[in-house]
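Asker: The file below is run23.cif, mmCIF, C-alpha atoms:
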```
data_query
loop_
_atom_site.label_atom_id
_atom_site.label_comp_id
_atom_site.auth_asym_id
_atom_site.auth_seq_id
_atom_site.Cartn_x
_atom_site.Cartn_y
_atom_site.Cartn_z
CA MET A 1391 97.50 -66.27 101.60
CA ASN A 1392 100.20 -63.64 101.66
CA SER A 1393 99.50 -61.30 104.57
CA MET A 1394 101.89 -58.58 103.31
CA ASN A 1395 100.10 -55.36 102.40
CA ARG A 1396 100.25 -54.80 98.69
CA PRO A 1397 101.07 -51.27 97.52
CA ILE A 1398 98.56 -49.84 95.06
CA VAL A 1399 100.38 -48.99 91.83
CA ALA A 1400 98.60 -47.34 88.90
CA SER A 1401 99.26 -49.54 85.91
CA PRO A 1402 100.57 -47.67 82.88
CA PHE A 1403 98.88 -50.35 80.75
CA ALA A 1404 95.36 -49.53 82.01
CA LYS A 1405 93.26 -48.09 79.17
CA GLY A 1406 91.67 -45.49 81.41
CA ARG A 1407 95.05 -44.18 82.50
CA GLN A 1408 96.36 -44.08 78.95
CA HIS A 1409 93.29 -42.12 77.88
CA GLN A 1410 93.73 -39.63 80.72
CA LEU A 1411 97.44 -39.11 80.03
CA LYS A 1412 96.75 -38.52 76.32
CA PHE A 1413 93.93 -36.10 77.16
CA GLN A 1414 96.23 -34.17 79.52
CA SER A 1415 98.83 -33.94 76.75
CA ILE A 1416 96.20 -32.54 74.38
CA LEU A 1417 95.11 -29.97 76.96
CA SER A 1418 98.72 -28.94 77.55
CA GLU A 1419 99.47 -28.51 73.85
CA ALA A 1420 96.21 -26.66 73.25
CA ALA A 1421 96.85 -24.36 76.22
CA GLN A 1422 100.30 -23.48 74.90
CA LEU A 1423 98.89 -22.58 71.48
CA PHE A 1424 95.90 -20.68 72.90
CA ASN A 1425 98.20 -18.65 75.17
CA TRP A 1426 100.49 -17.65 72.32
CA GLN A 1427 98.23 -17.14 69.33
CA GLY A 1428 94.74 -17.01 70.85
CA SER A 1429 91.87 -19.40 70.36
CA ARG A 1430 90.63 -17.55 67.26
CA ALA A 1431 93.81 -18.28 65.30
CA THR A 1432 94.22 -21.83 66.64
CA THR A 1433 92.40 -24.67 64.90
CA LEU A 1434 91.92 -28.25 66.00
CA ALA A 1435 94.01 -29.17 62.96
CA ASP A 1436 96.87 -27.02 64.34
CA ILE A 1437 96.73 -28.85 67.66
CA ALA A 1438 96.53 -32.26 66.02
CA GLY A 1439 99.44 -31.41 63.72
CA SER A 1440 101.67 -30.14 66.52
CA MET A 1441 101.12 -33.44 68.35
CA LYS A 1442 101.47 -35.54 65.19
CA LEU A 1443 97.92 -36.83 65.62
CA THR A 1444 95.21 -37.22 63.03
CA LYS A 1445 92.14 -35.02 63.38
CA THR A 1446 90.11 -38.19 63.79
CA CYS A 1447 92.22 -39.15 66.80
CA LEU A 1448 91.80 -35.67 68.30
CA TYR A 1449 88.03 -35.80 67.81
CA TYR A 1450 87.99 -38.97 69.90
CA TYR A 1451 88.96 -36.81 72.89
CA VAL A 1452 87.16 -33.56 72.12
CA LYS A 1453 84.42 -32.77 69.61
CA THR A 1454 84.67 -28.99 69.15
CA LYS A 1455 87.10 -26.16 69.80
CA GLU A 1456 84.61 -24.63 72.25
CA GLU A 1457 84.71 -27.83 74.28
CA LEU A 1458 88.52 -27.92 74.15
CA ILE A 1459 88.84 -24.30 75.34
CA TYR A 1460 86.43 -25.03 78.18
CA GLN A 1461 88.31 -28.18 79.22
CA CYS A 1462 91.60 -26.22 79.16
CA TYR A 1463 90.04 -23.64 81.48
CA VAL A 1464 88.69 -26.38 83.78
CA ALA A 1465 92.22 -27.83 84.02
CA SER A 1466 93.66 -24.37 84.76
CA CYS A 1467 91.13 -23.74 87.54
CA ALA A 1468 91.87 -27.18 89.02
CA MET A 1469 95.60 -26.40 89.04
CA TRP A 1470 95.04 -23.01 90.70
CA LEU A 1471 92.75 -24.55 93.30
CA GLU A 1472 95.17 -27.37 94.09
CA ARG A 1473 97.99 -24.86 94.51
CA ALA A 1474 95.90 -22.71 96.83
CA GLN A 1475 94.68 -25.69 98.86
CA SER A 1476 98.17 -27.10 99.39
CA SER A 1477 99.45 -23.66 100.44
CA ALA A 1478 96.54 -23.12 102.81
CA GLN A 1479 97.38 -26.37 104.60
CA ILE A 1480 101.00 -25.57 105.48
CA GLU A 1481 101.94 -24.53 109.01
CA GLY A 1482 102.65 -20.84 109.32
CA THR A 1483 101.22 -17.36 109.05
CA GLY A 1484 98.93 -16.10 106.34
CA LEU A 1485 101.95 -14.42 104.75
CA ASP A 1486 103.87 -17.72 104.77
CA LYS A 1487 100.99 -19.38 102.91
CA ILE A 1488 100.73 -16.65 100.27
CA VAL A 1489 104.48 -16.77 99.66
CA ALA A 1490 104.32 -20.57 99.31
CA MET A 1491 101.50 -20.28 96.78
CA VAL A 1492 103.28 -17.68 94.64
CA ARG A 1493 106.58 -19.55 94.79
CA GLY A 1494 104.84 -22.77 93.75
CA HIS A 1495 103.25 -21.12 90.70
CA PHE A 1496 106.59 -19.72 89.54
CA TYR A 1497 108.47 -22.99 89.93
CA HIS A 1498 105.71 -24.87 88.13
CA TYR A 1499 105.91 -22.48 85.20
CA ALA A 1500 109.70 -22.72 85.16
CA ASP A 1501 109.34 -26.51 84.97
CA THR A 1502 106.85 -26.09 82.11
CA LEU A 1503 109.29 -23.97 80.11
CA ASN A 1504 112.01 -26.52 80.81
CA GLY A 1505 109.80 -29.29 79.41
CA LYS A 1506 109.04 -30.86 82.78
CA GLY A 1507 105.50 -29.63 83.41
CA GLN A 1508 102.11 -29.23 81.76
CA HIS A 1509 101.02 -25.98 80.11
CA PHE A 1510 97.87 -24.37 81.51
CA ALA A 1511 95.69 -21.90 79.64
CA MET A 1512 95.45 -18.29 80.72
CA LEU A 1513 91.79 -17.48 81.43
CA THR A 1514 91.68 -14.74 78.83
CA GLU A 1515 88.63 -15.65 76.73
CA VAL A 1516 86.13 -17.00 79.22
CA SER A 1517 83.54 -14.50 77.99
CA SER A 1518 83.63 -16.03 74.51
CA LEU A 1519 82.35 -19.40 75.79
CA GLU A 1520 78.75 -20.54 75.88
CA GLN A 1521 76.87 -19.31 78.95
CA PRO A 1522 76.82 -22.64 80.88
CA HIS A 1523 80.59 -22.88 80.46
CA ILE A 1524 81.06 -19.24 81.50
CA ASP A 1525 79.04 -19.85 84.65
CA ASP A 1526 81.01 -22.98 85.51
CA ILE A 1527 84.45 -21.38 85.04
CA THR A 1528 83.30 -18.28 86.95
CA ALA A 1529 82.22 -20.46 89.88
CA ARG A 1530 85.48 -22.41 89.84
CA TRP A 1531 87.52 -19.20 89.81
CA ALA A 1532 85.44 -17.74 92.64
CA GLU A 1533 86.42 -20.77 94.76
CA VAL A 1534 90.11 -20.16 94.04
CA PHE A 1535 89.76 -16.45 94.75
CA GLY A 1536 87.87 -17.09 97.99
CA LEU A 1537 90.51 -19.49 99.30
CA CYS A 1538 93.33 -17.05 98.57
CA ARG A 1539 91.35 -14.23 100.17
CA SER A 1540 90.93 -16.36 103.31
CA MET A 1541 94.72 -16.76 103.53
CA VAL A 1542 95.13 -12.99 103.20
CA ALA A 1543 92.48 -12.49 105.89
CA GLN A 1544 94.36 -14.91 108.15
CA GLY A 1545 97.55 -12.90 107.57
CA ILE A 1546 95.78 -9.66 108.48
CA LYS A 1547 94.42 -11.32 111.63
CA ASP A 1548 97.78 -12.79 112.71
CA ARG A 1549 99.48 -9.45 111.84
CA SER A 1550 101.85 -10.87 109.25
CA ILE A 1551 100.04 -8.95 106.45
CA ALA A 1552 99.26 -5.23 106.41
CA THR A 1553 95.70 -4.28 107.35
CA LEU A 1554 94.10 -3.70 103.95
CA ASP A 1555 91.03 -4.84 102.03
CA ALA A 1556 91.57 -8.60 101.62
CA ALA A 1557 89.80 -8.75 98.24
CA VAL A 1558 91.92 -5.91 96.82
CA VAL A 1559 95.11 -7.53 98.12
CA THR A 1560 94.10 -10.89 96.66
CA LEU A 1561 93.58 -9.41 93.21
CA ALA A 1562 96.96 -7.67 93.47
CA ILE A 1563 98.59 -11.02 94.27
CA PHE A 1564 96.79 -12.72 91.39
CA SER A 1565 97.96 -9.97 89.01
CA ILE A 1566 101.54 -11.16 89.55
CA LEU A 1567 100.64 -14.77 88.76
CA GLN A 1568 98.32 -14.09 85.82
CA TRP A 1569 100.89 -11.86 84.09
CA LEU A 1570 103.64 -14.43 84.64
CA PRO A 1571 103.29 -16.26 81.26
CA VAL A 1572 103.55 -12.93 79.42
CA TRP A 1573 107.13 -12.16 80.48
CA PHE A 1574 108.69 -15.16 82.24
CA ASN A 1575 110.68 -16.91 79.48
CA ARG A 1576 113.17 -19.75 79.12
CA LYS A 1577 116.06 -17.44 80.06
CA HIS A 1578 114.32 -16.68 83.36
CA ALA A 1579 113.49 -20.36 83.84
CA ALA A 1580 117.19 -21.21 83.53
CA ASN A 1581 117.89 -18.90 86.49
CA ALA A 1582 114.57 -19.40 88.24
CA ASP A 1583 115.74 -19.14 91.87
CA GLN A 1584 117.05 -15.58 91.54
CA VAL A 1585 114.07 -14.35 89.52
CA ILE A 1586 111.51 -15.91 91.87
CA GLU A 1587 113.19 -14.53 94.98
CA THR A 1588 113.17 -11.06 93.42
CA VAL A 1589 109.44 -11.28 92.75
CA LEU A 1590 108.81 -12.53 96.30
CA ASP A 1591 110.94 -9.71 97.68
CA ILE A 1592 108.72 -7.18 95.87
CA LEU A 1593 105.60 -9.00 97.05
CA VAL A 1594 106.66 -9.07 100.71
CA ASN A 1595 108.67 -5.86 101.09
CA GLY A 1596 107.59 -3.60 98.22
CA LEU A 1597 109.70 -1.19 96.18
CA ALA A 1598 110.05 1.71 98.61
CA VAL A 1599 113.11 2.08 100.83
CA GLN A 1600 110.94 3.58 103.56
CA ARG A 1601 107.21 3.30 104.09
CA HIS A 1602 105.69 5.46 101.35
CA PRO A 1603 102.64 7.57 102.26
CA PHE A 1604 99.92 7.70 99.60
CA ALA A 1605 98.57 11.24 99.32
CA ALA A 1606 95.46 12.51 97.55
CA ILE A 1607 96.39 13.38 93.98
CA GLU A 1608 94.77 15.20 91.10
CA PHE A 1609 94.30 12.89 88.15
CA PRO A 1610 94.95 14.30 84.66
CA SER A 1611 92.19 14.41 82.05
CA LEU A 1612 92.68 13.28 78.49
CA GLN A 1613 90.03 15.65 77.17
CA GLU A 1614 92.50 17.98 75.49
CA LEU A 1615 90.79 18.52 72.13
CA PRO A 1616 88.48 21.54 71.82
CA ILE A 1617 84.98 20.46 70.85
CA ASP A 1618 84.32 22.31 67.57
CA SER A 1619 81.40 20.92 65.58
CA PHE A 1620 82.58 22.81 62.47
CA ASP A 1621 86.06 21.26 62.43
CA ARG A 1622 85.89 18.03 60.40
CA ASP A 1623 89.33 16.77 61.51
CA VAL A 1624 88.38 17.22 65.17
CA GLN A 1625 85.06 15.49 64.63
CA ASN A 1626 86.64 12.55 62.83
CA ARG A 1627 89.18 12.15 65.59
CA LEU A 1628 86.45 12.27 68.24
CA LYS A 1629 84.51 9.60 66.33
CA ARG A 1630 87.54 7.32 66.08
CA GLU A 1631 88.18 7.91 69.77
CA ALA A 1632 84.61 6.87 70.55
CA PHE A 1633 84.93 3.74 68.41
CA CYS A 1634 88.10 2.75 70.26
CA ARG A 1635 86.67 3.41 73.71
CA VAL A 1636 83.47 1.46 73.04
CA GLY A 1637 85.46 -1.21 71.22
CA SER A 1638 87.72 -1.59 74.25
CA ILE A 1639 84.68 -2.07 76.47
CA TYR A 1640 83.33 -4.86 74.26
CA PHE A 1641 86.69 -6.58 73.71
CA ASN A 1642 87.44 -6.47 77.44
CA GLN A 1643 84.05 -7.88 78.39
CA LYS A 1644 83.32 -10.30 75.54
CA GLY A 1645 86.67 -11.13 74.02
CA TYR A 1646 87.49 -10.92 70.32
CA LYS A 1647 85.22 -13.76 69.24
CA GLY A 1648 82.26 -12.50 71.23
CA THR A 1649 82.47 -8.89 70.01
CA SER A 1650 80.15 -7.78 67.22
CA LEU A 1651 80.87 -4.67 65.13
CA ASP A 1652 77.13 -4.31 64.50
CA GLU A 1653 76.58 -4.19 68.25
CA ILE A 1654 79.27 -1.53 68.67
CA ALA A 1655 77.81 0.58 65.85
CA SER A 1656 74.35 0.28 67.37
CA SER A 1657 75.60 1.31 70.83
CA LEU A 1658 77.03 4.49 69.28
CA ASP A 1659 73.84 5.09 67.31
CA VAL A 1660 75.63 5.11 63.95
CA THR A 1661 74.94 3.13 60.79
CA LYS A 1662 77.21 0.27 59.78
CA GLY A 1663 78.20 2.31 56.73
CA ALA A 1664 79.37 5.20 58.89
CA PHE A 1665 81.24 2.79 61.13
CA TYR A 1666 83.03 1.08 58.24
CA TYR A 1667 84.01 4.49 56.85
CA HIS A 1668 86.38 4.77 59.82
CA ILE A 1669 87.12 1.09 60.64
CA LYS A 1670 87.47 -1.55 57.91
CA ASP A 1671 87.04 -4.69 60.05
CA LYS A 1672 87.14 -6.09 63.58
CA GLU A 1673 90.88 -6.74 63.64
CA GLU A 1674 91.52 -3.15 62.53
CA LEU A 1675 89.35 -1.93 65.41
CA LEU A 1676 91.22 -4.11 67.89
CA TYR A 1677 94.55 -2.80 66.60
CA GLN A 1678 93.32 0.80 66.84
CA CYS A 1679 92.21 0.09 70.43
CA PHE A 1680 95.76 -1.02 71.21
CA LYS A 1681 97.25 2.03 69.49
CA ARG A 1682 95.02 4.32 71.54
CA THR A 1683 95.91 2.47 74.74
CA LEU A 1684 99.63 2.74 74.01
CA ASP A 1685 99.27 6.48 73.30
CA VAL A 1686 97.34 7.02 76.53
CA GLU A 1687 99.89 5.01 78.52
CA LYS A 1688 102.73 7.07 77.07
CA LEU A 1689 100.94 10.33 77.82
CA LEU A 1690 100.23 9.38 81.44
CA LEU A 1691 103.72 8.02 82.04
CA ASN A 1692 105.16 11.31 80.76
CA LYS A 1693 102.78 13.32 82.94
CA ALA A 1694 103.99 11.37 85.97
CA GLY A 1695 107.55 12.35 85.09
CA GLU A 1696 106.63 16.00 84.49
CA ALA A 1697 105.16 16.19 87.99
CA GLY A 1698 108.68 15.98 89.39
CA GLY A 1699 109.67 14.55 92.73
CA THR A 1700 111.54 11.41 93.69
CA GLY A 1701 111.70 8.17 91.79
CA ILE A 1702 109.17 6.45 94.06
CA ASN A 1703 106.80 9.41 93.70
CA LYS A 1704 106.93 9.13 89.91
CA VAL A 1705 106.34 5.37 90.10
CA GLU A 1706 103.30 5.96 92.34
CA LEU A 1707 101.85 8.64 90.05
CA ALA A 1708 102.41 6.56 86.91
CA LEU A 1709 100.66 3.53 88.41
CA ARG A 1710 97.74 5.49 89.83
CA TYR A 1711 97.26 7.56 86.65
CA LEU A 1712 97.06 4.33 84.61
CA PHE A 1713 94.72 2.78 87.16
CA ASN A 1714 92.40 5.77 87.29
CA VAL A 1715 91.93 6.08 83.54
CA GLN A 1716 90.44 2.58 83.48
CA PHE A 1717 87.51 3.74 85.61
CA SER A 1718 87.23 7.31 84.32
CA ALA A 1719 85.29 8.93 81.49
CA ASP A 1720 88.46 8.60 79.39
CA GLY A 1721 88.60 4.83 79.74
CA PRO A 1722 88.79 2.01 79.48
CA LEU A 1723 92.08 0.89 78.00
CA ILE A 1724 92.18 -2.36 76.04
CA ARG A 1725 93.30 -5.40 78.06
CA TYR A 1726 96.49 -7.02 76.80
CA ARG A 1727 94.83 -10.42 77.13
CA SER A 1728 93.25 -9.61 73.72
CA LEU A 1729 96.69 -9.34 72.10
CA PRO A 1730 96.82 -12.96 70.78
CA SER A 1731 93.79 -12.15 68.60
CA LEU A 1732 95.95 -9.87 66.41
CA ASP A 1733 98.04 -11.34 63.63
CA GLU A 1734 101.72 -11.78 64.41
CA GLY A 1735 102.91 -8.64 62.62
CA LEU A 1736 100.50 -6.31 64.42
CA ARG A 1737 101.16 -8.12 67.68
CA LYS A 1738 104.89 -7.45 67.39
CA SER A 1739 104.35 -3.73 66.77
CA VAL A 1740 102.13 -3.50 69.87
CA LEU A 1741 104.69 -5.37 71.99
CA LYS A 1742 107.47 -3.07 70.75
CA ALA A 1743 105.53 0.05 71.78
CA ASN A 1744 104.58 -1.57 75.09
CA THR A 1745 108.25 -2.30 75.77
CA ASP A 1746 109.08 1.37 75.14
CA ASN A 1747 106.38 2.47 77.60
CA SER A 1748 107.61 -0.01 80.20
CA ALA A 1749 111.11 1.39 79.79
CA GLN A 1750 109.78 4.79 80.90
CA LEU A 1751 108.46 3.21 84.09
CA GLY A 1752 111.83 1.51 84.47
CA ALA A 1753 113.54 4.90 84.24
CA TYR A 1754 111.54 6.11 87.27
CA ILE A 1755 112.53 2.97 89.16
CA ARG A 1756 116.20 3.60 88.37
CA GLN A 1757 115.83 7.24 89.43
CA GLY A 1758 114.62 5.82 92.73
CA PHE A 1759 117.84 3.84 93.00
CA ALA A 1760 119.82 7.05 92.54
CA ASP A 1761 117.82 9.12 95.06
CA ASN A 1762 117.53 6.19 97.51
CA THR A 1763 113.73 5.98 97.46
CA VAL A 1764 113.53 2.61 95.66
CA ARG A 1765 115.25 -0.50 96.99
CA ARG A 1766 118.03 -2.00 94.86
CA ILE A 1767 116.23 -4.77 93.00
CA ASP A 1768 116.13 -5.98 89.41
CA ALA A 1769 114.41 -3.07 87.63
CA ASP A 1770 113.29 -5.19 84.66
CA ILE A 1771 111.51 -7.70 86.89
CA ALA A 1772 109.92 -4.83 88.82
CA GLN A 1773 108.60 -3.42 85.52
CA TYR A 1774 107.02 -6.76 84.66
CA VAL A 1775 105.35 -7.04 88.06
CA LEU A 1776 103.98 -3.50 87.89
CA SER A 1777 102.73 -3.95 84.30
CA GLY A 1778 100.79 -7.01 85.43
CA ALA A 1779 99.27 -5.02 88.28
CA VAL A 1780 98.00 -2.33 85.90
CA GLU A 1781 96.66 -4.93 83.45
CA ALA A 1782 94.66 -6.72 86.15
CA SER A 1783 93.27 -3.60 87.85
CA PRO A 1784 89.93 -3.54 85.93
CA ASP A 1785 89.07 -6.92 87.50
CA LEU A 1786 88.46 -5.07 90.76
CA ILE A 1787 84.99 -4.24 89.50
CA ASP A 1788 84.07 -7.93 89.90
CA TRP A 1789 85.30 -8.24 93.48
CA VAL A 1790 85.09 -4.83 95.15
CA GLU A 1791 81.94 -2.75 95.62
CA ASN A 1792 83.75 0.61 95.64
CA SER A 1793 85.82 -0.03 92.51
CA HIS A 1794 85.13 3.49 91.23
CA GLU A 1795 86.39 5.30 94.33
CA VAL A 1796 89.36 7.52 93.51
CA GLU A 1797 91.51 6.40 96.44
CA LEU A 1798 91.13 2.68 95.69
CA SER A 1799 94.31 2.94 93.61
CA ALA A 1800 96.28 3.71 96.79
CA VAL A 1801 94.97 0.54 98.46
CA TYR A 1802 95.66 -1.57 95.37
CA PHE A 1803 99.24 -0.40 94.83
CA HIS A 1804 100.15 -0.51 98.52
CA LEU A 1805 101.34 -4.09 98.02
CA PHE A 1806 103.75 -3.10 95.24
CA ILE A 1807 105.05 0.08 96.86
CA ASN A 1808 105.15 -0.90 100.55
CA GLY A 1809 104.85 -4.68 100.40
CA LEU A 1810 102.44 -7.23 101.78
CA LYS A 1811 104.25 -7.60 105.07
CA ALA A 1812 102.88 -5.70 108.06
CA LYS A 1813 105.39 -3.06 109.13
#
```
Any chance you could give the structure as C-alpha cells?
Answerer:
Amino acid sequence: MNSMNRPIVASPFAKGRQHQLKFQSILSEAAQLFNWQGSRATTLADIAGSMKLTKTCLYYYVKTKEELIYQCYVASCAMWLERAQSSAQIEGTGLDKIVAMVRGHFYHYADTLNGKGQHFAMLTEVSSLEQPHIDDITARWAEVFGLCRSMVAQGIKDRSIATLDAAVVTLAIFSILQWLPVWFNRKHAANADQVIETVLDILVNGLAVQRHPFAAIEFPSLQELPIDSFDRDVQNRLKREAFCRVGSIYFNQKGYKGTSLDEIASSLDVTKGAFYYHIKDKEELLYQCFKRTLDVEKLLLNKAGEAGGTGINKVELALRYLFNVQFSADGPLIRYRSLPSLDEGLRKSVLKANTDNSAQLGAYIRQGFADNTVRRIDADIAQYVLSGAVEASPDLIDWVENSHEVELSAVYFHLFINGLKAK
C-alpha cells in the first residue's frame, strides 16, 4: 500500500461539480442582466439566450424568475459575508480590516469587468420577493452588517477609527461598496490600482484639508408654493407632488414590481379615475418621481452654493441638505436603485440630469481645491463616492434608532469629510 498522502483534487468530471459550475454561471449572467435592466425587464428567455442555452436547460436549474432572483441574492450575501469574514481574520487594527474589505470588493469587481470574476446582483429589489425569501435575505444581510460593525467597533476601541456611532459608520462604508457597480466601469478597471487607492484615501482621510467642524445648520424647506384652493394650476401641481412623494415611498419600500397604483391612490384617498387623470401608468409615475427628485437635488445643490463660504462648506451643506430632505416632510426622494425599472430611453434622460447635478457638487469640490479646503484628489471619483453616500442614507432608518434626528447627517458625513481614521 502506498503510504504517500494523496492530495484531494476536485474532479472536473464529477457531475455534481459540473452542475454547480453551470449554476454559478447562470447566477452570474442573471445578476449582470438584473443589475443593468432590472428584474422586471429581464426574462428567463433573455438569460437563456445570452448564455446560448435552451429554456428547458435553464429550467433544469431554476423553475421561476422569483427563485432565480432569490438565488442571486443568496450568492451576493454569501460573497459579502466571505469578504467580511476574511477581512476580520487578518492581523491588524479595525481600520486595517475595513480597508482590506473595501479594497477586496473593488478588486473583485475590477476582475469581474475584466472577465475574470463572477457578477453578483445588487440587492435592489429584495422587497419584491415573497415574504420567506425577504426574511432570509434580510437575516443574511444582518449577519454581514453585524460583522462589519464589529470591525468598526474594534477600530474605535483600538483608536484607529474616530469615535462615532459604529452602525452609522458601517452604513457609510457600505454606501461606497453598494454604489460601486453604478459608476465603476471598464475604463476604471483598466487602471484599478489608482482608482481604488483614491477611494481608500477618501475613506481613511476624508476630503477636508484640515479637520472640518460640523455646525448646526438651518435646513431649507421646499414648501415654496402658496396654498390657494381657488388656483387650479397650484392645486394640480400639489396633487402631482403628492403622487410623486407617496409613489417614492412605495417604490423605495416595495420596489417597482411590488408597488400597486391602486394602493397609492387609496393611501391618498382619491379614486383611481382621479389618479389616472394625472398619471397614465406605473412607469410614468416612476419617471415623474425621478424628475421630481432631480429637480429637488438641483434646487438644494444650488441653495448650498448660494449660502457662500469655502468649497468644503458648500460640499457639507449640499450633502446635509440632500440627507435631510429624505427624512423631512418634503421627502422622500426616489432611490436610484429603481432606475433599471425604467425603459432605456427614460433611464438615459435621468442619468443625464443626474450627471449634471453631480457636476454641481464637483464644482464645489474644485472650489475647495482653489481655496485649499479640499485635498487634491480625483474630483470625479469623489463625486461618485458622495453620490453613493446620499443614495444609501435612507437605509439608516433600518439600523439607527435616531434616524430622524437633525444632527445625524453630521455623524453620517463625518467619514467623507474628515475620514474614518482617528485624528
Asker: Which residue, A:Leu1691, A:Leu1658, A:Ala1605, A:Leu1651, has the smallest gap to A:Ser1799 when you use all atoms listed in the file?
Answerer: A:Ala1605
Asker: Which residue gives the smallest distance to A:Ala1500 among A:Phe1806, A:Phe1574, A:Trp1470, A:Trp1569, with only C-alpha atoms counted?
Answerer: A:Phe1574
Asker: Counting only C-alpha atoms, which residue out of A:Asn1504, A:Thr1588, A:Asn1703, A:Gln1408 sits closest to A:Val1764?
Answerer: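 Among the listed residues, the smallest separation from A:Val1764 belongs to A:Asn1703.
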Asker: Using atom CA of A:Thr1683 and atom CA of A:Val1589 as the two end points, give the distance in Å to one decimal.
Answerer: 26.4 Å
Asker: For A:Lys1487, list every protein, DNA or RNA residue within 8 Å, evaluated using only C-alpha atoms, and leave out those in the same chain fewer than 6 positions away; present the list as number ranges by chain.
Answerer: A: 1477-1478, 1480, 1541
Asker: Need to verify the contact set: A:Ile1459, 12 Å, all atoms listed in the file, exclusion of same-chain residues closer than 6 positions in sequence. Can you return it as a PyMOL selection string?
Answerer: chain A and resi 1416-1425+1428-1430+1432-1434+1437+1452-1453+1465-1466+1510-1520+1523-1524+1527
Asker: What gap, in Å, lies between atom CA of A:Arg1682 and atom CA of A:Glu1791?
Answerer: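 Rounded to one decimal, the two atoms are 28.3 Å apart.
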Asker: Looking at A:Leu1567, A:Ala1532, A:Leu1485, A:Ala1782, which one is nearest to A:Arg1549, with distances taken over only C-alpha atoms?
Answerer: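 Checking each of A:Leu1567, A:Ala1532, A:Leu1485, A:Ala1782 against A:Arg1549, counting only C-alpha atoms, the winner is A:Leu1485.
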Asker: Apply the PyMOL selection byres ((chain A and resi 1590-1593) around 12) to the file shown and report the selected residues as a ChimeraX atom specification.
Answerer: /A:1485-1486,1488-1496,1551-1552,1559-1560,1562-1567,1583-1589,1594-1599,1764-1769,1771-1776,1779,1803-1812
Asker: Within 12 Å of (95.5, -39.1, 69.3) (coordinates as in the file), grab all the protein and nucleic acid residues, counting all atoms listed in the file, and write them out as a ChimeraX atom specification.
Answerer: /A:1408-1417,1434-1435,1437-1452
Asker: Between A:Val1686, A:Leu1537, A:Val1572, A:Ala1579, single out the one closest to A:Lys1506, counting only C-alpha atoms.
Answerer: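 Using only C-alpha atoms, the shortest distance to A:Lys1506 belongs to A:Ala1579.
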Asker: Have a look at atom CA of A:Asp1785 and atom CA of A:Cys1467 and let me know their distance in Å, one decimal.
Answerer: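 Between these atoms lies a distance of 16.9 Å.
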Asker: Using only C-alpha atoms, pick whichever of A:Glu1673, A:Asp1501, A:Asp1652, A:Asp1436 has the shortest atom-to-atom distance to A:Leu1732.
Answerer: A:Glu1673
Asker: Evaluate the PyMOL selection byres ((chain A and resi 1629-1636) around 10) on the structure here and hand back the selected residues as a VMD selection string.
Answerer: chain A and resid 1623 to 1628 1637 to 1642 1651 1654 to 1655 1657 to 1658 1665 1668 to 1669 1675 to 1683 1719 to 1724
Asker: Once you count all atoms listed in the file, which residues end up no further than 10 Å from (104.0, -10.0, 69.2) in the file's frame, shown as a VMD selection string?
Answerer: chain A and resid 1426 to 1427 1729 to 1730 1732 to 1742
Asker: For C-alpha atoms, I'd like the residues from the last selection saved as an mmCIF file, in the frame of the given file.
Answerer:
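Just written: selection25.cif:
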```
data_model
loop_
_atom_site.group_PDB
_atom_site.id
_atom_site.type_symbol
_atom_site.label_atom_id
_atom_site.label_comp_id
_atom_site.auth_asym_id
_atom_site.auth_seq_id
_atom_site.Cartn_x
_atom_site.Cartn_y
_atom_site.Cartn_z
ATOM 1 C CA TRP A 1426 100.490 -17.650 72.320
ATOM 2 C CA GLN A 1427 98.230 -17.140 69.330
ATOM 3 C CA LEU A 1729 96.690 -9.340 72.100
ATOM 4 C CA PRO A 1730 96.820 -12.960 70.780
ATOM 5 C CA LEU A 1732 95.950 -9.870 66.410
ATOM 6 C CA ASP A 1733 98.040 -11.340 63.630
ATOM 7 C CA GLU A 1734 101.720 -11.780 64.410
ATOM 8 C CA GLY A 1735 102.910 -8.640 62.620
ATOM 9 C CA LEU A 1736 100.500 -6.310 64.420
ATOM 10 C CA ARG A 1737 101.160 -8.120 67.680
ATOM 11 C CA LYS A 1738 104.890 -7.450 67.390
ATOM 12 C CA SER A 1739 104.350 -3.730 66.770
ATOM 13 C CA VAL A 1740 102.130 -3.500 69.870
ATOM 14 C CA LEU A 1741 104.690 -5.370 71.990
ATOM 15 C CA LYS A 1742 107.470 -3.070 70.750
#
```
Asker: Extending 3 Å beyond the listed atoms of stretch 1510-1514 of chain A on each side, what axis-aligned box results? I want centre and edge lengths in Å to one decimal, as JSON.
Answerer:
```
{"center_x": 94.8, "center_y": -19.6, "center_z": 80.2, "size_x": 12.2, "size_y": 15.6, "size_z": 8.7}
```
Asker: Would you kindly return, as a PyMOL selection string, each protein, DNA or RNA residue with an atom no farther than 12 Å from any atom of A:Lys1693, considering all atoms listed in the file and excluding same-chain residues fewer than 6 positions away?
Answerer: chain A and resi 1608-1612+1686-1687+1704-1712+1750-1751
Asker: Under the PyMOL selection byres ((chain A and resi 1786) around 10), which residues of this model are included? Write them out as an NGL selection string.
Answerer: :A and (1557-1558 or 1561-1562 or 1782-1785 or 1787-1794 or 1798 or 1802)
Asker: Okay, now the selection with C-alpha atoms, as a PDB file, in the coordinates of the input?
Answerer:
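Wrote result.pdb, looks like this:
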```
ATOM      1  CA  ALA A1557      89.800  -8.750  98.240  1.00  0.00           C
ATOM      2  CA  VAL A1558      91.920  -5.910  96.820  1.00  0.00           C
ATOM      3  CA  LEU A1561      93.580  -9.410  93.210  1.00  0.00           C
ATOM      4  CA  ALA A1562      96.960  -7.670  93.470  1.00  0.00           C
ATOM      5  CA  ALA A1782      94.660  -6.720  86.150  1.00  0.00           C
ATOM      6  CA  SER A1783      93.270  -3.600  87.850  1.00  0.00           C
ATOM      7  CA  PRO A1784      89.930  -3.540  85.930  1.00  0.00           C
ATOM      8  CA  ASP A1785      89.070  -6.920  87.500  1.00  0.00           C
ATOM      9  CA  ILE A1787      84.990  -4.240  89.500  1.00  0.00           C
ATOM     10  CA  ASP A1788      84.070  -7.930  89.900  1.00  0.00           C
ATOM     11  CA  TRP A1789      85.300  -8.240  93.480  1.00  0.00           C
ATOM     12  CA  VAL A1790      85.090  -4.830  95.150  1.00  0.00           C
ATOM     13  CA  GLU A1791      81.940  -2.750  95.620  1.00  0.00           C
ATOM     14  CA  ASN A1792      83.750   0.610  95.640  1.00  0.00           C
ATOM     15  CA  SER A1793      85.820  -0.030  92.510  1.00  0.00           C
ATOM     16  CA  HIS A1794      85.130   3.490  91.230  1.00  0.00           C
ATOM     17  CA  LEU A1798      91.130   2.680  95.690  1.00  0.00           C
ATOM     18  CA  TYR A1802      95.660  -1.570  95.370  1.00  0.00           C
TER      19      TYR A1802
END
```
